[in-house]
Every structure is written in C-alpha cells, then in structure tokens.
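Report on the following structure.
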Amino acid sequence: MGELETERLIIRNHIPSDGDDLFEYLSLPEVYRFEPGNPLSREDTEKLLSRRCGGDDFLAVVLKDGGKMVGHLSFHLTPPEEFLTWELGYIFNPRYHNRGYCTEASSALIEYAFGRLGAHRIVAYCDPENIPSWKVLEKTGMIREGHFPRRAFFRRDGRGNPLWHDCYAYGILEGTKK
Ligand SMILES: CC(C)(COP(=O)(O)OP(=O)(O)OC[C@H]1O[C@@H](n2cnc3c(N)ncnc32)[C@H](O)[C@@H]1OP(=O)(O)O)[C@@H](O)C(=O)NCCC(=O)NCCS
C-alpha cells in the first residue's frame with residue numbers, strides 16, 4: 001500500500017526501524033485488556049515486526065511532526081473475498097491516547113478502502129466495555145449493527161473456564177459514509 005496522509009498523520013506499511021516504537025506499547029499489559037495476547041518481549045516484537053513488514057494487513061500510524069510511530073491499524077480482507085468486506089482493528093500507544101489519532105487514521109483508511117480498494121463493506125468488533133474503541137468507530141461513521149452476548153473470550157480463569165465477553169458489531173457500507 002502507498003502512504004496515506006491526514007492532517008497530523010502518515011499511515012504506511014511497517015518498516016524494520018519501527019521496532020522501538022512498537023515495543024514501547026506492545027510490551028504494556030494495559031493494551032491487552034480487550035485484546036488477545038500478552039505483553040511482548042523485545043525479541044518477540046522484532047519477530048512480529050518482520051512478519052508485518054511483508055504485507056498490508058498491519059499499518060503503522062506515524063506522527064508527521066517528529067516521525068514517532070504512535071500506533072497501528074489492522075485491516076484484513078475477510079473471506080469470502082468476493083464480498084469485498086474488510087475488518088478494521090487498532091492498538092495505539094497509551095501515551096498518545098485521546099488525541100483523536102485513532103479516529104483520524106481509521107477515517108482515512110475507511111475512505112481509502114471505499115475510494116481505492118473498491119470495498120463494499122467495512123466491519124469492526126469490540127467489547128462494549130471498551131468505550132474508547134466503540135467511540136472511535138462511531139466517530140468514523142460506522143453503525144452499531146449488533147450486540148452479541150458472551151460471544152468471545154481471550155482468556156480463561158484459574159480453573160480453565162473461558163472468560164466470555166459481549167461483543168458489539170459495527171459496520172459501514174459503501175456509499176453511506178458522510
Ligand atoms: C481504542 C484505542 C485504539 C483508541 O485510540 P485513541 O487514539 O485514544 O482514540 P481517539 O482519541 O481517536 O478516540 C477515543 C475516544 O474515546 C473517548 N474516551 C476514552 N476513554 C473514555 C471513557 N472512559 N469514557 C468515555 N469516553 C472515553 C475519548 O474521549 C475519545 O472521544 P472524543 O474524541 O469524543 O473525546 C486505544 O484506546 C487503544 O489502543 N486501546 C488498547 C487497545 C484496544 O483496546 N484496541 C481495540 C480493541 S477492539
């Protein structure tokens with residue numbers, strides 16, 4: 001993918017020198033509260049980065065002012081491919097939360113997907129307790145299409161039982177973005 005530019009941000013493919021910035025937030029327990037996975041070591045961050053550098057599924061979000069990578073977007077074409085439906089996700093560095101960066105980057109990617117990729121529909125899922133996440137989706141114009149009780153789990157309790165959580169489903173169709 002080429003670079004996308006917004007007022008304050010550049011959205012681009014990952015590059016090998018993103019390691020320090022990626023590790024700065026993927027090593028923090030708090031970013032996994034509503035995400036699968038555990039804090040990464042520096043070594044595991046490098047392995048993850050080398051996989052991401054080869055493709056378009058994960059995109060770095062970089063401040064124009066200073067070049068710091070402050071987060072990333074995930075963006076996958078979901079099967080069946082002919083439905084032209086992409087799924088959006090994101091994790092941002094907590095030091096840079098609540099400045100509108102995720103909304104700005106996600107809006108630009110949605111616009112790019114409808115305008116350049118020929119997307120028919122874009123979807124995203126989040127835990128209702130993850131208020132910042134669904135706020136972002138609503139600010140981009142996505143519509144809450146469903147609330148699924150106890151739909152998913154990322155962790156188990158000490159006895160091995162799934163810790164189920166609810167899930168909001170959001171979507172936006174081509175031609176409806178305001
Ligand atoms: C979700 C996440 C990416 C949002 O990033 P961000 O750059 O802070 O998002 P934005 O600044 O664009 O928007 C966040 C919005 O949530 C609001 N918000 C944050 N905490 C809130 C709370 N406790 N109650 C109500 N609103 C809240 C902010 O005020 C902001 O809305 P506003 O612009 O109307 O004021 C970030 O919180 C994150 O990385 N979380 C950890 C990973 C994660 O949970 N990813 C999503 C999994 S579904």
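By order of appearance in the structure tokens: chains A, B, ..., then residues from 1 within every chain, and ligands from 1 in the order shown.
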Compute the set of protein, DNA and RNA residues whose minimum atom distance to ligand 1 is at most 10 Å, using only C-alpha atoms and all ligand atoms, and state it as a short mmCIF file (atom, residue, chain, number, x, y, z; two decimals) with N, CA and C atoms, in the first residue's frame.
data_model
loop_
_atom_site.label_atom_id
_atom_site.label_comp_id
_atom_site.auth_asym_id
_atom_site.auth_seq_id
_atom_site.Cartn_x
_atom_site.Cartn_y
_atom_site.Cartn_z
N TYR A 25 4.73 0.11 23.20
CA TYR A 25 3.35 -0.13 23.66
C TYR A 25 2.94 -1.60 23.67
N LEU A 26 3.52 -2.43 22.80
CA LEU A 26 3.13 -3.85 22.83
C LEU A 26 3.74 -4.59 24.02
N LEU A 28 3.26 -3.39 27.06
CA LEU A 28 2.47 -2.93 28.20
C LEU A 28 1.24 -3.81 28.44
N PRO A 29 1.04 -4.30 29.67
CA PRO A 29 -0.13 -5.15 29.94
C PRO A 29 -1.45 -4.46 29.61
N GLU A 30 -1.54 -3.15 29.83
CA GLU A 30 -2.84 -2.47 29.67
C GLU A 30 -3.39 -2.51 28.25
N VAL A 31 -2.53 -2.63 27.24
CA VAL A 31 -3.07 -2.62 25.86
C VAL A 31 -3.77 -3.94 25.52
N TYR A 32 -3.60 -4.97 26.37
CA TYR A 32 -4.23 -6.28 26.11
C TYR A 32 -5.52 -6.48 26.89
N ARG A 33 -5.99 -5.44 27.57
CA ARG A 33 -7.20 -5.63 28.37
C ARG A 33 -8.35 -6.13 27.50
N PHE A 34 -8.47 -5.61 26.30
CA PHE A 34 -9.56 -6.02 25.40
C PHE A 34 -9.01 -6.66 24.13
N GLU A 35 -7.85 -7.23 24.21
CA GLU A 35 -7.19 -7.81 23.04
C GLU A 35 -6.66 -9.19 23.42
N PRO A 36 -6.56 -10.11 22.46
CA PRO A 36 -5.86 -11.36 22.77
C PRO A 36 -4.37 -11.10 22.91
N VAL A 70 2.94 5.95 16.62
CA VAL A 70 2.15 6.00 17.85
C VAL A 70 1.09 4.90 17.93
N GLY A 71 0.99 4.10 16.89
CA GLY A 71 0.01 3.02 16.92
C GLY A 71 -0.04 2.31 15.58
N HIS A 72 -0.93 1.33 15.51
CA HIS A 72 -1.09 0.65 14.23
C HIS A 72 -2.55 0.28 14.01
N LEU A 73 -2.88 0.11 12.73
CA LEU A 73 -4.21 -0.35 12.33
C LEU A 73 -4.06 -1.75 11.76
N LEU A 88 -11.56 -3.94 10.35
CA LEU A 88 -10.65 -2.94 10.91
C LEU A 88 -10.37 -3.23 12.39
N GLY A 89 -9.11 -3.03 12.80
CA GLY A 89 -8.75 -3.10 14.22
C GLY A 89 -7.64 -2.10 14.50
N TYR A 90 -7.30 -1.91 15.79
CA TYR A 90 -6.26 -0.91 16.10
C TYR A 90 -5.73 -1.07 17.52
N ILE A 91 -4.48 -0.70 17.68
CA ILE A 91 -3.89 -0.54 19.02
C ILE A 91 -3.00 0.70 18.95
N PHE A 92 -3.19 1.59 19.92
CA PHE A 92 -2.35 2.80 19.98
C PHE A 92 -1.59 2.84 21.30
N ASN A 93 -0.46 3.50 21.27
CA ASN A 93 0.39 3.69 22.45
C ASN A 93 -0.37 4.54 23.48
N PRO A 94 -0.57 4.03 24.71
CA PRO A 94 -1.34 4.78 25.71
C PRO A 94 -0.82 6.20 25.96
N ARG A 95 0.46 6.44 25.72
CA ARG A 95 0.98 7.80 25.91
C ARG A 95 0.34 8.79 24.95
N TYR A 96 -0.29 8.27 23.88
CA TYR A 96 -0.86 9.14 22.84
C TYR A 96 -2.38 8.96 22.70
N HIS A 97 -3.02 8.35 23.70
CA HIS A 97 -4.47 8.16 23.63
C HIS A 97 -5.22 9.48 23.77
N ASN A 98 -6.47 9.44 23.31
CA ASN A 98 -7.43 10.55 23.50
C ASN A 98 -6.97 11.86 22.86
N ARG A 99 -6.21 11.72 21.78
CA ARG A 99 -5.85 12.92 21.00
C ARG A 99 -6.50 12.86 19.61
N GLY A 100 -7.36 11.85 19.42
CA GLY A 100 -8.05 11.73 18.13
C GLY A 100 -7.24 11.03 17.06
N TYR A 101 -6.08 10.47 17.42
CA TYR A 101 -5.23 9.87 16.38
C TYR A 101 -5.86 8.62 15.76
N CYS A 102 -6.46 7.77 16.61
CA CYS A 102 -7.04 6.53 16.05
C CYS A 102 -8.21 6.87 15.14
N THR A 103 -9.02 7.83 15.55
CA THR A 103 -10.16 8.23 14.71
C THR A 103 -9.67 8.80 13.38
N GLU A 104 -8.66 9.65 13.46
CA GLU A 104 -8.13 10.29 12.23
C GLU A 104 -7.57 9.24 11.27
N ALA A 105 -6.82 8.29 11.82
CA ALA A 105 -6.20 7.26 10.97
C ALA A 105 -7.27 6.31 10.41
N SER A 106 -8.21 5.89 11.26
CA SER A 106 -9.25 4.94 10.82
C SER A 106 -10.13 5.57 9.75
N SER A 107 -10.48 6.84 9.93
CA SER A 107 -11.32 7.53 8.94
C SER A 107 -10.62 7.56 7.58
N ALA A 124 -16.11 -3.98 12.14
CA ALA A 124 -15.20 -3.98 13.31
C ALA A 124 -15.99 -4.52 14.49
N TYR A 125 -15.26 -5.11 15.43
CA TYR A 125 -15.89 -5.72 16.61
C TYR A 125 -15.17 -5.22 17.85
N CYS A 126 -15.93 -5.03 18.93
CA CYS A 126 -15.27 -4.68 20.19
C CYS A 126 -16.14 -5.04 21.37
N ASP A 127 -15.50 -5.12 22.52
CA ASP A 127 -16.19 -5.37 23.79
C ASP A 127 -16.94 -4.09 24.18
N PRO A 128 -18.23 -4.18 24.55
CA PRO A 128 -18.96 -2.97 24.97
C PRO A 128 -18.25 -2.20 26.09
N GLU A 129 -17.45 -2.91 26.90
CA GLU A 129 -16.73 -2.21 27.97
C GLU A 129 -15.55 -1.40 27.45
N ASN A 130 -15.18 -1.64 26.22
CA ASN A 130 -14.06 -0.89 25.63
C ASN A 130 -14.60 0.40 25.00
N ILE A 131 -14.95 1.33 25.86
CA ILE A 131 -15.64 2.55 25.41
C ILE A 131 -14.80 3.34 24.38
N PRO A 132 -13.50 3.55 24.62
CA PRO A 132 -12.73 4.29 23.60
C PRO A 132 -12.82 3.66 22.23
N SER A 133 -12.88 2.32 22.17
CA SER A 133 -12.90 1.64 20.87
C SER A 133 -14.21 1.92 20.13
N TRP A 134 -15.36 1.73 20.80
CA TRP A 134 -16.59 1.98 20.04
C TRP A 134 -16.85 3.46 19.81
N LYS A 135 -16.26 4.31 20.66
CA LYS A 135 -16.34 5.76 20.38
C LYS A 135 -15.63 6.07 19.06
N VAL A 136 -14.46 5.47 18.88
CA VAL A 136 -13.71 5.68 17.64
C VAL A 136 -14.59 5.25 16.46
N LEU A 137 -15.19 4.05 16.55
CA LEU A 137 -15.97 3.53 15.42
C LEU A 137 -17.14 4.46 15.09
N GLU A 138 -17.78 4.96 16.14
CA GLU A 138 -18.93 5.86 15.89
C GLU A 138 -18.46 7.19 15.30
N LYS A 139 -17.28 7.65 15.74
CA LYS A 139 -16.77 8.92 15.19
C LYS A 139 -16.40 8.79 13.72
N THR A 140 -16.06 7.56 13.28
CA THR A 140 -15.73 7.37 11.87
C THR A 140 -16.99 7.22 11.01
N CYS A 167 -19.99 -8.67 22.69
CA CYS A 167 -19.33 -8.08 21.53
C CYS A 167 -20.29 -7.17 20.79
N TYR A 168 -19.85 -5.95 20.51
CA TYR A 168 -20.57 -5.08 19.60
C TYR A 168 -20.03 -5.32 18.19
#
Q.
Let's see if you can do this: from backbone DSSP, list all helix (DSSP H, G or I) residues in segment 4-160 of chain A, as a PyMOL selection string.
A. chain A and resi 16-26+29-32+42-53+81-83+94-96+101-117+131-139
**Q.** DSSP-assigned strand (DSSP E or B) among segment 63-147 of chain A, expressed as a VMD selection string
**A.** chain A and resid 63 69 to 77 85 to 92 121 to 126 143 to 147
Selected residues written out with C-alpha atoms, as an mmCIF file, in the first residue's frame:
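Contents of selection.cif, freshly written:
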data_model
loop_
_atom_site.group_PDB
_atom_site.id
_atom_site.type_symbol
_atom_site.label_atom_id
_atom_site.label_comp_id
_atom_site.auth_asym_id
_atom_site.auth_seq_id
_atom_site.Cartn_x
_atom_site.Cartn_y
_atom_site.Cartn_z
ATOM 1 C CA LEU A 63 3.130 11.490 13.589
ATOM 2 C CA MET A 69 5.031 5.697 15.370
ATOM 3 C CA VAL A 70 2.145 6.000 17.848
ATOM 4 C CA GLY A 71 0.006 3.021 16.921
ATOM 5 C CA HIS A 72 -1.092 0.647 14.225
ATOM 6 C CA LEU A 73 -4.212 -0.354 12.330
ATOM 7 C CA SER A 74 -5.061 -3.879 11.260
ATOM 8 C CA PHE A 75 -7.027 -4.193 8.048
ATOM 9 C CA HIS A 76 -7.888 -7.606 6.604
ATOM 10 C CA LEU A 77 -9.995 -8.667 3.647
ATOM 11 C CA THR A 85 -15.530 -6.814 3.233
ATOM 12 C CA TRP A 86 -12.569 -5.579 5.267
ATOM 13 C CA GLU A 87 -12.225 -5.845 9.050
ATOM 14 C CA LEU A 88 -10.646 -2.936 10.913
ATOM 15 C CA GLY A 89 -8.750 -3.100 14.220
ATOM 16 C CA TYR A 90 -6.263 -0.908 16.102
ATOM 17 C CA ILE A 91 -3.887 -0.535 19.019
ATOM 18 C CA PHE A 92 -2.348 2.795 19.984
ATOM 19 C CA ARG A 121 -18.373 -3.033 3.493
ATOM 20 C CA ILE A 122 -16.065 -2.448 6.461
ATOM 21 C CA VAL A 123 -16.673 -4.129 9.812
ATOM 22 C CA ALA A 124 -15.203 -3.977 13.309
ATOM 23 C CA TYR A 125 -15.889 -5.719 16.612
ATOM 24 C CA CYS A 126 -15.267 -4.677 20.187
ATOM 25 C CA ILE A 143 -23.039 1.956 12.686
ATOM 26 C CA ARG A 144 -23.629 -0.404 15.605
ATOM 27 C CA GLU A 145 -25.348 -3.354 13.908
ATOM 28 C CA GLY A 146 -25.409 -5.872 16.692
ATOM 29 C CA HIS A 147 -24.776 -6.736 20.315
#
So that each row is one residue of segment 41-154 of chain A with an atom at most 6 Å from segment 4-11 of chain A, can you give its shortest atom pair and the distance in Å to one decimal, using only C-alpha atoms, rows by chain and rising number, as a Markdown table?
| residue | atom | partner | partner_atom | distance |
| --- | --- | --- | --- | --- |
| A:Ala60 | CA | A:Ile11 | CA | 5.7 |
| A:Val61 | CA | A:Ile11 | CA | 4.7 |
| A:Val62 | CA | A:Ile10 | CA | 5.1 |
| A:Leu63 | CA | A:Leu9 | CA | 4.8 |
| A:Lys64 | CA | A:Leu9 | CA | 5.2 |
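Atom CA of Arg116 of chain A lies 15.8 Å from atom CA of Ile172 of chain A.
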Q) Any idea what's packed within 9 Å of segment 37-52 of chain A, counting only C-alpha atoms, ignoring anything in its chain fewer than 3 positions away? Could you give it as a list in words? A)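 Residues meeting the cut-off are Asn13, His14, Ile15, Pro16, Asp18, Gly19, Asp20, Leu22, Phe23, Tyr25, Leu26, Ser27, Leu28, Pro29, Glu30, Val31, Tyr32, Gly55, Asp56, Asp57, Phe58, Leu59, Phe154 and Arg155 of chain A.
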Q: Using only C-alpha atoms, determine which residues lie at most 10 Å from Gly175 of chain A, disregarding the query and same-chain residues fewer than 4 positions distant; provide the list as a list of chain:residue names.
A: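 The neighbour list is A:Phe114, A:Gly115, A:His120, A:Arg121.
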Q | Computed interatomic separation between atom CA of Glu3 of chain A and atom CA of Asp21 of chain A (Å) | A |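 If I compute the distance from atom CA of Glu3 of chain A to atom CA of Asp21 of chain A, I get 18.5 Å.
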